[in-house]
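Structure file entry.cif (mmCIF, C-alpha atoms) is printed below.
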```
data_model
loop_
_atom_site.label_atom_id
_atom_site.label_comp_id
_atom_site.auth_asym_id
_atom_site.auth_seq_id
_atom_site.Cartn_x
_atom_site.Cartn_y
_atom_site.Cartn_z
CA MET I 1 -4.03 -13.20 18.78
CA SER I 2 -1.52 -12.11 21.37
CA SER I 3 -0.75 -15.49 22.92
CA GLY I 4 2.40 -17.41 22.11
CA GLU I 5 6.00 -17.14 23.14
CA VAL I 6 7.84 -13.95 22.21
CA LYS I 7 11.54 -13.90 21.36
CA LEU I 8 13.64 -11.06 20.00
CA ILE I 9 16.88 -11.69 18.11
CA GLY I 10 19.12 -8.68 18.52
CA ALA I 11 22.16 -7.00 20.05
CA TRP I 12 22.47 -4.54 22.94
CA ALA I 13 24.22 -1.85 20.92
CA SER I 14 21.83 -1.70 17.98
CA PRO I 15 19.44 1.26 17.89
CA PHE I 16 17.16 -0.74 15.60
CA VAL I 17 16.94 -3.55 18.15
CA MET I 18 16.16 -1.04 20.89
CA ARG I 19 12.95 -0.06 19.12
CA PRO I 20 10.97 -3.29 19.53
CA ARG I 21 12.39 -3.64 23.07
CA VAL I 22 10.88 -0.30 24.07
CA ALA I 23 7.61 -1.25 22.35
CA LEU I 24 7.44 -4.61 24.17
CA ASN I 25 8.16 -2.82 27.45
CA LEU I 26 5.39 -0.29 26.78
CA LYS I 27 2.99 -3.18 26.28
CA SER I 28 4.36 -5.14 29.27
CA VAL I 29 5.01 -8.15 27.04
CA PRO I 30 7.62 -10.55 28.43
CA TYR I 31 10.13 -11.81 25.89
CA GLU I 32 13.34 -13.78 25.60
CA PHE I 33 16.22 -11.70 24.28
CA LEU I 34 18.48 -13.74 22.02
CA GLN I 35 21.72 -11.81 21.82
CA GLU I 36 23.70 -12.19 18.59
CA THR I 37 27.49 -12.23 18.81
CA PHE I 38 29.05 -9.27 17.03
CA GLY I 39 30.72 -10.40 13.82
CA SER I 40 28.70 -13.59 13.28
CA LYS I 41 25.10 -14.50 12.47
CA SER I 42 23.27 -17.33 14.19
CA GLU I 43 21.46 -20.11 12.32
CA LEU I 44 18.22 -18.86 13.81
CA LEU I 45 18.80 -15.35 12.47
CA LEU I 46 19.65 -16.62 8.98
CA LYS I 47 16.58 -18.85 8.99
CA SER I 48 14.25 -16.16 10.40
CA ASN I 49 15.38 -13.33 8.13
CA PRO I 50 16.66 -14.99 4.98
CA VAL I 51 16.13 -11.85 2.88
CA HIS I 52 18.23 -9.37 4.86
CA LYS I 53 19.94 -11.54 7.50
CA LYS I 54 19.70 -8.57 9.88
CA ILE I 55 18.58 -7.87 13.42
CA PRO I 56 16.12 -7.21 14.96
CA VAL I 57 13.82 -10.13 14.27
CA LEU I 58 10.77 -10.69 16.45
CA LEU I 59 9.62 -14.29 16.76
CA HIS I 60 6.03 -14.57 17.93
CA ALA I 61 4.90 -18.18 18.33
CA ASP I 62 7.86 -18.93 16.03
CA LYS I 63 6.58 -16.63 13.24
CA PRO I 64 9.24 -14.06 12.31
CA VAL I 65 8.61 -10.32 11.88
CA CYS I 66 11.47 -8.25 10.43
CA GLU I 67 12.42 -4.56 10.08
CA SER I 68 12.42 -2.51 13.30
CA ASN I 69 9.63 -0.01 12.56
CA ILE I 70 7.47 -2.77 11.05
CA ILE I 71 8.00 -4.81 14.23
CA VAL I 72 6.94 -1.82 16.37
CA GLU I 73 3.69 -1.50 14.40
CA TYR I 74 3.15 -5.26 14.70
CA ILE I 75 3.56 -5.04 18.49
CA ASP I 76 1.11 -2.13 18.65
CA GLU I 77 -1.48 -3.99 16.56
CA THR I 78 -1.08 -7.37 18.28
CA TRP I 79 -1.16 -6.14 21.88
CA SER I 80 -3.60 -3.35 21.13
CA SER I 81 -5.53 -3.70 24.38
CA SER I 82 -2.40 -3.53 26.51
CA GLY I 83 -0.67 -0.30 27.48
CA PRO I 84 -0.88 2.98 25.58
CA SER I 85 -1.26 3.17 21.80
CA ILE I 86 2.14 3.38 20.11
CA LEU I 87 0.86 4.77 16.80
CA PRO I 88 -1.37 7.86 17.06
CA SER I 89 -5.07 7.23 16.49
CA HIS I 90 -5.86 9.93 13.92
CA PRO I 91 -4.92 8.97 10.33
CA TYR I 92 -3.16 12.28 9.64
CA ASP I 93 -1.10 12.03 12.84
CA ARG I 94 -0.23 8.45 11.90
CA ALA I 95 0.90 9.65 8.48
CA MET I 96 3.10 12.33 10.07
CA ALA I 97 4.63 9.77 12.45
CA ARG I 98 5.40 7.39 9.55
CA PHE I 99 6.72 10.21 7.37
CA TRP I 100 9.19 11.45 9.98
CA ALA I 101 10.20 7.92 10.99
CA ALA I 102 11.10 7.24 7.34
CA TYR I 103 13.00 10.56 7.18
CA ILE I 104 14.94 9.66 10.33
CA ASP I 105 16.08 6.32 8.91
CA GLU I 106 16.67 7.39 5.33
CA LYS I 107 18.22 10.83 5.80
CA TRP I 108 18.95 11.78 9.40
CA PHE I 109 20.58 8.51 10.47
CA VAL I 110 22.61 8.38 7.25
CA ALA I 111 24.11 11.76 8.17
CA LEU I 112 24.89 10.52 11.71
CA ARG I 113 26.53 7.39 10.35
CA ASN I 114 28.52 9.46 7.83
CA PHE I 115 29.84 11.53 10.69
CA LEU I 116 31.20 8.48 12.47
CA LYS I 117 32.97 7.51 9.26
CA ALA I 118 34.06 11.02 8.23
CA GLU I 119 37.76 11.69 7.93
CA GLY I 120 39.27 15.13 7.94
CA GLU I 121 37.88 18.47 9.03
CA GLU I 122 36.18 19.37 5.73
CA ASP I 123 34.22 16.11 5.63
CA LYS I 124 33.23 16.47 9.28
CA LYS I 125 32.10 20.07 8.80
CA ALA I 126 29.93 19.08 5.85
CA VAL I 127 28.25 16.28 7.79
CA ILE I 128 27.69 18.51 10.84
CA ALA I 129 25.94 21.02 8.58
CA GLN I 130 23.77 18.20 7.22
CA MET I 131 22.92 16.99 10.71
CA GLU I 132 22.05 20.48 11.93
CA GLU I 133 19.71 20.96 8.98
CA GLY I 134 18.03 17.67 9.84
CA ASN I 135 17.79 18.57 13.51
CA ALA I 136 16.08 21.86 12.66
CA LEU I 137 13.48 19.92 10.66
CA LEU I 138 12.95 17.49 13.54
CA GLU I 139 12.67 20.34 16.07
CA LYS I 140 9.81 21.76 14.00
CA ALA I 141 8.29 18.30 13.53
CA PHE I 142 8.35 17.84 17.30
CA ILE I 143 6.50 21.11 17.86
CA ASP I 144 3.92 20.17 15.20
CA CYS I 145 3.39 16.58 16.36
CA SER I 146 3.54 17.03 20.14
CA LYS I 147 1.06 19.92 20.18
CA GLY I 148 2.43 21.14 23.51
CA LYS I 149 2.71 17.70 25.09
CA PRO I 150 5.99 16.10 26.25
CA PHE I 151 6.42 13.54 23.46
CA PHE I 152 6.02 13.37 19.66
CA ASN I 153 3.11 11.03 20.42
CA GLY I 154 1.58 13.34 23.06
CA ASP I 155 1.35 12.29 26.69
CA ASN I 156 3.08 8.95 26.14
CA ILE I 157 6.01 7.65 24.18
CA GLY I 158 5.00 6.48 20.73
CA TYR I 159 6.25 5.35 17.34
CA LEU I 160 8.13 8.50 16.40
CA ASP I 161 9.61 8.95 19.88
CA ILE I 162 10.92 5.39 19.66
CA SER I 163 12.17 5.88 16.11
CA LEU I 164 14.32 8.91 16.98
CA GLY I 165 14.97 8.11 20.64
CA SER I 166 16.63 4.80 19.75
CA PHE I 167 19.50 6.81 18.22
CA LEU I 168 20.15 9.00 21.28
CA ALA I 169 22.92 6.83 22.73
CA TRP I 170 24.75 6.79 19.39
CA LEU I 171 24.17 10.52 19.07
CA ARG I 172 25.86 11.04 22.45
CA VAL I 173 28.80 8.85 21.43
CA THR I 174 29.13 10.91 18.24
CA GLU I 175 29.02 14.16 20.20
CA LEU I 176 31.83 12.90 22.44
CA ALA I 177 33.93 11.83 19.46
CA ALA I 178 33.37 15.17 17.71
CA SER I 179 33.57 17.33 20.85
CA HIS I 180 30.58 19.01 19.31
CA LYS I 181 27.02 19.15 20.57
CA LEU I 182 24.70 17.88 17.85
CA LEU I 183 21.53 18.41 19.89
CA ASP I 184 22.00 21.99 21.02
CA GLU I 185 19.86 23.62 23.74
CA ALA I 186 20.00 26.91 21.85
CA LYS I 187 19.09 25.53 18.42
CA THR I 188 16.86 22.59 19.35
CA PRO I 189 15.48 23.33 22.83
CA SER I 190 12.37 21.17 22.46
CA LEU I 191 14.32 18.14 21.26
CA CYS I 192 16.77 18.48 24.16
CA LYS I 193 13.96 18.52 26.70
CA TRP I 194 12.28 15.61 24.92
CA ALA I 195 15.52 13.60 24.83
CA GLU I 196 15.89 13.78 28.58
CA LEU I 197 12.28 12.73 29.17
CA PHE I 198 12.62 9.88 26.69
CA CYS I 199 15.79 8.52 28.27
CA ASN I 200 14.21 8.57 31.71
CA ASP I 201 11.06 6.75 30.68
CA PRO I 202 10.73 3.39 32.49
CA ALA I 203 10.15 1.58 29.19
CA VAL I 204 13.40 3.02 27.80
CA LYS I 205 15.88 3.10 30.68
CA PRO I 206 16.53 -0.66 30.92
CA VAL I 207 17.33 -0.97 27.21
CA MET I 208 19.21 2.25 26.46
CA PRO I 209 22.93 1.44 26.09
CA GLU I 210 25.26 3.26 28.50
CA THR I 211 27.22 5.95 26.70
CA ALA I 212 30.64 4.85 28.01
CA LYS I 213 30.07 1.21 27.08
CA LEU I 214 28.80 2.23 23.64
CA ALA I 215 31.75 4.57 23.07
CA GLU I 216 34.14 1.64 23.77
CA PHE I 217 32.19 -0.54 21.37
CA ALA I 218 32.20 2.18 18.70
CA LYS I 219 36.00 2.48 18.99
CA LYS I 220 36.26 -1.25 18.41
CA ILE I 221 34.03 -1.44 15.35
CA PHE I 222 35.29 1.74 13.70
CA ALA I 223 38.92 1.03 14.50
CA LYS I 224 41.23 1.53 11.56
CA PRO I 225 43.53 -1.47 10.90
CA GLN I 226 47.12 -0.84 11.91
CA ALA I 227 49.39 0.05 8.98
CA MET S 1 -25.40 14.29 -6.55
CA ALA S 2 -24.87 16.57 -3.53
CA GLU S 3 -22.03 19.03 -3.90
CA ARG S 4 -18.93 17.97 -2.03
CA SER S 5 -17.93 20.34 0.74
CA ASP S 6 -14.40 21.71 0.76
CA THR S 7 -13.57 19.51 3.72
CA GLU S 8 -13.73 16.42 1.53
CA GLU S 9 -11.42 17.84 -1.13
CA VAL S 10 -8.80 15.38 -2.26
CA LYS S 11 -6.02 16.58 -4.52
CA LEU S 12 -3.08 14.61 -5.85
CA LEU S 13 0.08 16.29 -7.09
CA GLY S 14 1.72 13.77 -9.37
CA MET S 15 3.22 12.92 -12.72
CA TRP S 16 1.58 10.71 -15.31
CA PRO S 17 4.64 8.48 -15.98
CA SER S 18 5.65 8.08 -12.31
CA PRO S 19 5.07 4.67 -10.69
CA PHE S 20 4.89 6.37 -7.28
CA SER S 21 2.18 8.75 -8.46
CA ARG S 22 0.20 6.00 -10.25
CA ARG S 23 0.09 3.79 -7.18
CA ILE S 24 -1.78 6.54 -5.33
CA GLU S 25 -4.26 6.79 -8.18
CA ILE S 26 -4.79 3.02 -8.01
CA ALA S 27 -5.53 3.20 -4.28
CA LEU S 28 -7.92 6.14 -4.57
CA THR S 29 -9.72 4.49 -7.50
CA LEU S 30 -10.00 1.16 -5.63
CA LYS S 31 -11.71 3.02 -2.81
CA GLY S 32 -13.93 5.07 -5.10
CA VAL S 33 -12.48 8.34 -3.77
CA PRO S 34 -12.89 11.22 -6.22
CA TYR S 35 -9.80 13.39 -6.55
CA GLU S 36 -8.36 16.25 -8.53
CA PHE S 37 -5.09 15.42 -10.27
CA SER S 38 -2.49 18.13 -10.69
CA GLU S 39 0.28 17.21 -13.15
CA GLN S 40 3.62 18.50 -11.91
CA ASP S 41 6.89 19.21 -13.70
CA ILE S 42 9.75 18.23 -11.41
CA THR S 43 12.29 19.89 -13.70
CA ASN S 44 10.50 23.14 -12.96
CA LYS S 45 8.91 22.70 -9.54
CA SER S 46 5.78 24.68 -8.82
CA SER S 47 5.62 26.88 -5.75
CA LEU S 48 2.66 24.72 -4.66
CA LEU S 49 4.81 21.58 -4.68
CA LEU S 50 7.62 23.30 -2.79
CA GLN S 51 5.16 24.58 -0.23
CA LEU S 52 3.40 21.23 0.23
CA ASN S 53 6.51 19.02 0.31
CA PRO S 54 9.35 21.22 1.60
CA VAL S 55 11.38 18.26 2.88
CA TYR S 56 11.74 16.26 -0.35
CA LYS S 57 10.21 18.59 -2.98
CA MET S 58 8.91 15.48 -4.80
CA ILE S 59 5.69 13.94 -6.02
CA PRO S 60 3.36 12.36 -5.16
CA VAL S 61 1.75 14.61 -2.58
CA LEU S 62 -1.79 13.92 -1.44
CA VAL S 63 -3.73 16.87 -0.06
CA HIS S 64 -6.78 15.98 2.00
CA ASN S 65 -8.78 18.59 3.90
CA GLY S 66 -6.02 21.05 3.03
CA LYS S 67 -3.36 18.92 4.74
CA PRO S 68 -0.47 17.51 2.66
CA ILE S 69 0.98 14.01 2.96
CA SER S 70 4.15 12.94 1.13
CA GLU S 71 5.99 9.66 0.48
CA SER S 72 3.97 7.14 -1.47
CA LEU S 73 3.99 4.33 1.11
CA VAL S 74 2.92 6.79 3.83
CA ILE S 75 0.15 8.07 1.54
CA LEU S 76 -1.07 4.53 0.78
CA GLU S 77 -1.37 3.76 4.50
CA TYR S 78 -3.14 7.09 5.06
CA ILE S 79 -5.65 6.26 2.33
CA ASP S 80 -6.29 2.85 3.89
CA ASP S 81 -6.67 4.39 7.38
CA THR S 82 -9.04 7.10 6.14
CA TRP S 83 -11.32 5.31 3.65
CA ARG S 84 -12.12 1.97 5.24
CA ASN S 85 -13.95 0.31 2.32
CA ASN S 86 -12.04 -2.15 0.08
CA PRO S 87 -9.10 -2.49 2.46
CA ILE S 88 -5.66 -2.48 0.86
CA LEU S 89 -3.73 -3.92 3.80
CA PRO S 90 -4.83 -7.25 5.33
CA GLN S 91 -6.47 -7.32 8.77
CA ASP S 92 -4.14 -9.76 10.50
CA PRO S 93 -1.10 -8.06 12.13
CA CYS S 94 1.35 -10.71 10.91
CA GLU S 95 0.08 -10.41 7.34
CA ARG S 96 0.23 -6.61 7.59
CA ALA S 97 3.83 -6.79 8.74
CA THR S 98 4.64 -9.10 5.83
CA ALA S 99 2.96 -6.75 3.33
CA ARG S 100 4.91 -3.77 4.71
CA PHE S 101 8.11 -5.83 4.52
CA TRP S 102 7.68 -6.63 0.82
CA ALA S 103 6.69 -3.05 0.00
CA LYS S 104 9.88 -1.80 1.63
CA LEU S 105 11.96 -4.37 -0.26
CA ILE S 106 10.43 -3.28 -3.55
CA ASP S 107 10.99 0.44 -3.01
CA GLN S 108 14.34 0.40 -1.26
CA GLN S 109 16.10 -2.46 -3.02
CA ILE S 110 14.36 -3.74 -6.13
CA CYS S 111 13.74 -0.22 -7.44
CA VAL S 112 17.36 0.79 -6.79
CA ALA S 113 18.74 -2.38 -8.40
CA ALA S 114 16.46 -1.95 -11.42
CA MET S 115 17.63 1.64 -11.90
CA LYS S 116 21.21 0.39 -11.98
CA VAL S 117 20.27 -2.01 -14.79
CA VAL S 118 19.16 0.97 -16.85
CA GLY S 119 21.96 3.29 -15.82
CA LYS S 120 24.95 0.98 -16.15
CA VAL S 121 26.58 -0.81 -19.06
CA GLY S 122 28.69 -3.92 -19.62
CA ASP S 123 29.76 -5.90 -16.55
CA GLU S 124 28.16 -3.44 -14.17
CA ARG S 125 24.84 -3.88 -15.93
CA ASP S 126 25.16 -7.68 -15.81
CA ALA S 127 25.81 -7.48 -12.08
CA ALA S 128 22.78 -5.21 -11.65
CA VAL S 129 20.61 -7.67 -13.60
CA GLU S 130 21.72 -10.50 -11.35
CA ALA S 131 21.12 -8.46 -8.20
CA THR S 132 17.63 -7.50 -9.40
CA ARG S 133 16.79 -11.10 -10.24
CA ASP S 134 17.95 -12.32 -6.80
CA LEU S 135 15.56 -9.85 -5.19
CA LEU S 136 12.71 -10.65 -7.59
CA MET S 137 13.04 -14.34 -6.71
CA PHE S 138 11.65 -13.50 -3.26
CA LEU S 139 8.57 -12.00 -4.90
CA GLU S 140 8.33 -14.97 -7.27
CA LYS S 141 8.17 -17.36 -4.31
CA GLU S 142 5.68 -15.14 -2.49
CA LEU S 143 3.24 -15.38 -5.43
CA ALA S 144 3.14 -19.19 -5.55
CA GLY S 145 -0.46 -20.41 -5.45
CA LYS S 146 -1.89 -16.88 -5.32
CA ASP S 147 -3.60 -14.72 -7.94
CA PHE S 148 -2.22 -11.58 -6.34
CA PHE S 149 0.19 -10.79 -3.50
CA GLY S 150 -2.96 -9.81 -1.63
CA GLY S 151 -4.47 -13.26 -2.22
CA GLU S 152 -7.65 -13.38 -4.24
CA SER S 153 -7.73 -9.64 -4.75
CA LEU S 154 -5.39 -6.69 -5.16
CA GLY S 155 -3.61 -5.51 -2.06
CA PHE S 156 -0.86 -3.24 -0.79
CA VAL S 157 2.02 -5.22 -2.24
CA ASP S 158 0.34 -5.55 -5.65
CA ILE S 159 -0.12 -1.78 -5.79
CA VAL S 160 3.51 -1.14 -4.84
CA ALA S 161 4.78 -3.90 -7.15
CA THR S 162 3.15 -2.33 -10.22
CA LEU S 163 6.57 -0.69 -10.35
CA VAL S 164 7.91 -4.08 -11.42
CA ALA S 165 5.02 -5.01 -13.73
CA PHE S 166 4.66 -1.77 -15.67
CA TRP S 167 7.89 0.06 -15.27
CA LEU S 168 10.72 -2.46 -14.97
CA MET S 169 9.08 -4.92 -17.36
CA ARG S 170 8.24 -2.22 -19.94
CA THR S 171 11.72 -0.74 -19.75
CA GLU S 172 13.46 -4.10 -20.19
CA ASP S 173 11.81 -4.53 -23.58
CA LEU S 174 13.16 -1.17 -24.67
CA LEU S 175 16.59 -1.91 -23.24
CA GLY S 176 16.75 -5.28 -24.93
CA VAL S 177 17.78 -6.77 -21.58
CA LYS S 178 15.45 -9.48 -20.28
CA VAL S 179 15.66 -8.89 -16.52
CA VAL S 180 12.46 -10.82 -15.80
CA PRO S 181 12.30 -13.70 -18.31
CA VAL S 182 9.23 -15.92 -18.10
CA GLU S 183 11.38 -19.07 -17.78
CA LEU S 184 12.80 -17.80 -14.49
CA PHE S 185 9.74 -15.91 -13.27
CA PRO S 186 6.59 -17.73 -14.40
CA GLU S 187 4.60 -16.62 -11.31
CA ILE S 188 5.43 -12.95 -11.84
CA HIS S 189 4.34 -13.21 -15.47
CA ARG S 190 1.11 -14.91 -14.42
CA TRP S 191 0.56 -12.15 -11.86
CA VAL S 192 1.05 -9.42 -14.50
CA LYS S 193 -1.64 -11.07 -16.62
CA ASN S 194 -3.95 -11.06 -13.58
CA LEU S 195 -3.22 -7.37 -13.06
CA LEU S 196 -4.08 -6.62 -16.67
CA GLY S 197 -7.44 -8.31 -16.16
CA ASN S 198 -8.29 -5.90 -13.33
CA ASP S 199 -10.38 -2.85 -14.24
CA VAL S 200 -8.78 -0.49 -11.71
CA ILE S 201 -5.28 -1.39 -12.88
CA LYS S 202 -6.25 -1.01 -16.53
CA LYS S 203 -7.69 2.41 -15.77
CA CYS S 204 -4.79 3.67 -13.68
CA ILE S 205 -1.57 2.56 -15.34
CA PRO S 206 -0.04 4.76 -18.03
CA PRO S 207 -1.25 3.84 -21.54
CA GLU S 208 1.36 1.54 -23.03
CA ASP S 209 2.21 3.37 -26.26
CA GLU S 210 2.63 6.79 -24.69
CA HIS S 211 4.53 5.26 -21.80
CA LEU S 212 6.98 3.41 -24.03
CA ALA S 213 7.51 6.58 -26.09
CA TYR S 214 8.19 8.51 -22.88
CA ILE S 215 10.69 5.93 -21.58
CA ARG S 216 12.42 5.80 -24.96
CA ALA S 217 12.71 9.62 -25.05
CA ARG S 218 14.18 9.67 -21.54
CA MET S 219 16.68 6.96 -22.43
CA ASP S 220 17.74 8.91 -25.53
CA LYS S 221 18.18 12.03 -23.40
CA LEU S 222 20.39 10.11 -20.96
CA ASN S 223 22.30 8.51 -23.84
CA ILE S 224 21.10 5.05 -22.91
CA LYS S 225 21.05 2.73 -25.90
CA SER S 226 17.66 1.24 -26.65
CA ALA S 227 17.04 -2.05 -28.42
#
```

Would you encode the structure as C-alpha cells?
Amino acid sequence: MSSGEVKLIGAWASPFVMRPRVALNLKSVPYEFLQETFGSKSELLLKSNPVHKKIPVLLHADKPVCESNIIVEYIDETWSSSGPSILPSHPYDRAMARFWAAYIDEKWFVALRNFLKAEGEEDKKAVIAQMEEGNALLEKAFIDCSKGKPFFNGDNIGYLDISLGSFLAWLRVTELAASHKLLDEAKTPSLCKWAELFCNDPAVKPVMPETAKLAEFAKKIFAKPQA
Amino acid sequence: MAERSDTEEVKLLGMWPSPFSRRIEIALTLKGVPYEFSEQDITNKSSLLLQLNPVYKMIPVLVHNGKPISESLVILEYIDDTWRNNPILPQDPCERATARFWAKLIDQQICVAAMKVVGKVGDERDAAVEATRDLLMFLEKELAGKDFFGGESLGFVDIVATLVAFWLMRTEDLLGVKVVPVELFPEIHRWVKNLLGNDVIKKCIPPEDEHLAYIRARMDKLNIKSA
C-alpha cells in the first residue's frame, strides 16, 4: 500500500541519507525532509530508531523503516509500479547488487573513512593502497553488472549505483584533502565515466552535497581540538 | 525420478560447524531444493573456494547454474527469490524491511558482541555479556506473542537467529557464562524449544554432541577456559 504521508529523518551531508532521497526521487514520491541538527538527536529520531538512534529513518504513514539500503529496497517494493525498478529483476543480478552493496559499506567505505582519520604519511599510504584495491574490484564489478550499459543497474540508476554513488561527494572531499585522485581515469575508467553520469542524473543532482560545502563541514567535524 | 540437468545443479561450499553455512542448508531444505554439499577447510583453502569467492575467500558459497553467490544473507535472499515455494521473507514490504533489519542486527552486532564474550576475560568479558544481553533484549521483545520471529512458521529472522539458539547458547554452557538466562529471556528460550520441534531445524543443525566437542576443542586451542 503506497498511500500515506512520507517523511525522511536525515541530514544533508550524510551519504546514507542520500540513498533513500535518490530512491524517492526515482519513484517521484513526495516527502517531508526532517533535518537533524548535527551533534544532537531529535525525540522523533530516538523514538523511531530506538535500536541504533541513527539516520536515515523513513516514516511511512508513521511506521519507521531504518538502515539506508533496507529503506531503498522498501521504497522499491512499496512504489513498485512507479518509475524504474531499483533492484534488478533477475535473482542472480539482485544477488550481485546486494553483495557489492554490502562490500561497499563493510569494506570500501571503512577504508575511505580511515583515510579521513589517517595521520602521517605511512598511515595514509596504507589506506590509499587499500582504497585502490577496492576500486579495482568495483571497476570489475561495474563491467560485470552493467553489461555495457551506463549504470550498474543497466539503463537506469539502481540499488548498487545509489549505494556507491552516495559516497561520491565524500570521495571528492577526500581527494581534495589528500591531493590524490582516488578514482583515477587511468585505473578505473568505467567508474569515472559512471560517476559523472550518476552525479548528473536528475534524481541525484538535487540531493548531492556540493563539494565545497561538504569540505567545510568535514573540516569542522574532523577538526582536532586545540592543544 | 527424471535425471536433473546440469542447469539445475546446486552446490554449497560450507563447513559443518559454521552457523553461516548451516543457515543456507536450512533454507534449501525448507524449499525442498536438492544440493551437493562440499565441506571446506578454511585453514587450508581449496582452489575452488578461492576461485568462487575471490573477494572474501570464505564460506558459505552457493553455486547455482555454475554461478557463485557469497555472503550468507545475500544467499538467503537469492534462495527466496529463486525458489518461490515456502517463502522465507514475508510478503509485506514493511515486514520485509523489519526482517532484514533484525537479520543485520544479529550478524553485525549480536554476533560480534557474542564473540567478545568468548574471546575476553574478566571485566572485558562482563562488559561483553552486558552488551550482548542489551542487544538480545530487542529480539526478546520481538518474539512476544509469537511462536517464531516469522510468526506461526519459520522465517528469515529465525534462520539467521539460529546463530543465537545453537551457537551462542551452546557455547555459553561450555564457557560457564550464562549470557542468555531463562529468567531474563523467557521468550528466547520458548522460541528455542519451538525451533527444536521443527523437522527442518532438527535435520539441519549440527548434532549436539559433536558440536559441543568441536567448540570445546576450539576453545582449548585458543586457550579459552571451559567450565

Output of the PyMOL selection byres ((chain S and resi 215) around 12), listed as a PyMOL selection string: chain S and resi 17-18+118+166-175+206+208-214+216-222+224-226

Spatial sel., origin (12.0, 6.5, 10.7), limit 10 Å, only C-alpha atoms, listed as a ChimeraX atom specification: /I:68-69,97-109,159-164

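You will find CA of Asp93 (chain I) at 12.0 Å from CA of Phe142 (chain I).
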
Neighbours of chain I in chain S at 6 Å, counting only C-alpha atoms, as a ChimeraX atom specification: /S:74,78,81,93,97

Expected selection from the PyMOL selection byres ((chain I and resi 25) around 12), given as a PyMOL selection string: chain I and resi 18-24+26-31+72+75-76+79+82-84+86+157-158+162+201-207

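The closest residue to Thr188 (chain I), picked from I:Leu138, I:Cys145, I:Leu176, I:Ala218 and counting all atoms listed in the file, is I:Leu138.
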
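Atom pair CA of Pro150 (chain I) / CA of Pro88 (chain I) has a distance of 14.4 Å (rounded to one decimal).
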
Expand the PyMOL selection byres ((chain S and resi 103-105) around 8) into the explicit residue set it covers here, and present it as a JSON list (two decimals) with C-alpha atoms, keeping the file's coordinate frame.
```json
[["chain", "number", "residue", "atom", "x", "y", "z"],
["S", 73, "LEU", "CA", 3.99, 4.33, 1.11],
["S", 99, "ALA", "CA", 2.96, -6.75, 3.33],
["S", 100, "ARG", "CA", 4.91, -3.77, 4.71],
["S", 101, "PHE", "CA", 8.11, -5.83, 4.52],
["S", 102, "TRP", "CA", 7.68, -6.63, 0.82],
["S", 106, "ILE", "CA", 10.43, -3.28, -3.55],
["S", 107, "ASP", "CA", 10.99, 0.44, -3.01],
["S", 108, "GLN", "CA", 14.34, 0.40, -1.26],
["S", 109, "GLN", "CA", 16.10, -2.46, -3.02],
["S", 110, "ILE", "CA", 14.36, -3.74, -6.13],
["S", 156, "PHE", "CA", -0.86, -3.24, -0.79],
["S", 157, "VAL", "CA", 2.02, -5.22, -2.24],
["S", 160, "VAL", "CA", 3.51, -1.14, -4.84],
["S", 161, "ALA", "CA", 4.78, -3.90, -7.15]]
```

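When CA of Leu49 (chain S) is paired with CA of Phe37 (chain S), their separation reads 12.9 Å.
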
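Around Thr29 (chain S), within 9 Å and counting only C-alpha atoms, the residues found are Tyr35, Val200, Lys203 and Cys204 of chain S, once anything fewer than 6 positions away on its own chain is removed.
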
Surrounding residues of region 138-145 of chain S excluding itself and chain neighbours under 4 positions, 8 Å, only C-alpha atoms, as a PyMOL selection string: (chain I and resi 51) or (chain S and resi 102+134+149+185-188+191)

Surrounding residues of Glu119 (chain I) excluding itself and chain neighbours under 5 positions, 12 Å, all atoms listed in the file, as number ranges by chain: I: 114, 124-127, 178, 222, 224

Need the axis-aligned box for region 205-217 of chain S with 5 Å each side, so what are the centre and edges in Å to one decimal, as lines of an AutoDock Vina configuration file?
```
center_x = 5.6
center_y = 5.6
center_z = -20.8
size_x = 24.3
size_y = 18.1
size_z = 20.9
```

Protein/DNA/RNA residues near (26.9, 8.7, 22.6), cut 8 Å, all atoms listed in the file, as a list in words: Leu168, Ala169, Trp170, Leu171, Arg172, Val173, Thr174, Glu175, Leu176, Thr211, Ala212, Leu214 and Ala215 of chain I

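For the set S:Gly151, S:Leu30, S:His64, S:Met115, the residue with the smallest atom-to-atom gap to Pro87 (chain S) is S:Leu30, counting only C-alpha atoms.
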
What would the file be for region 216-224 of chain I if you keep N, CA and C atoms and write it as a JSON list (two decimals), in the first residue's frame?
```
[["chain", "number", "residue", "atom", "x", "y", "z"],
["I", 216, "GLU", "N", 34.00, 22.05, 3.86],
["I", 216, "GLU", "CA", 33.93, 22.92, 5.06],
["I", 216, "GLU", "C", 33.40, 22.14, 6.24],
["I", 217, "PHE", "N", 32.35, 21.40, 6.00],
["I", 217, "PHE", "CA", 31.71, 20.59, 7.04],
["I", 217, "PHE", "C", 32.67, 19.53, 7.57],
["I", 218, "ALA", "N", 33.41, 18.91, 6.65],
["I", 218, "ALA", "CA", 34.37, 17.86, 7.03],
["I", 218, "ALA", "C", 35.44, 18.44, 7.94],
["I", 219, "LYS", "N", 35.90, 19.65, 7.59],
["I", 219, "LYS", "CA", 36.94, 20.33, 8.41],
["I", 219, "LYS", "C", 36.42, 20.49, 9.82],
["I", 220, "LYS", "N", 35.15, 20.89, 9.91],
["I", 220, "LYS", "CA", 34.54, 21.15, 11.22],
["I", 220, "LYS", "C", 34.46, 19.85, 12.05],
["I", 221, "ILE", "N", 33.96, 18.78, 11.44],
["I", 221, "ILE", "CA", 33.76, 17.58, 12.25],
["I", 221, "ILE", "C", 35.02, 16.78, 12.51],
["I", 222, "PHE", "N", 36.04, 16.96, 11.65],
["I", 222, "PHE", "CA", 37.28, 16.23, 11.89],
["I", 222, "PHE", "C", 38.35, 17.12, 12.52],
["I", 223, "ALA", "N", 37.94, 18.32, 12.92],
["I", 223, "ALA", "CA", 38.89, 19.27, 13.49],
["I", 223, "ALA", "C", 39.50, 18.71, 14.76],
["I", 224, "LYS", "N", 40.81, 18.86, 14.88],
["I", 224, "LYS", "CA", 41.48, 18.39, 16.09],
["I", 224, "LYS", "C", 41.33, 19.50, 17.14]]
```
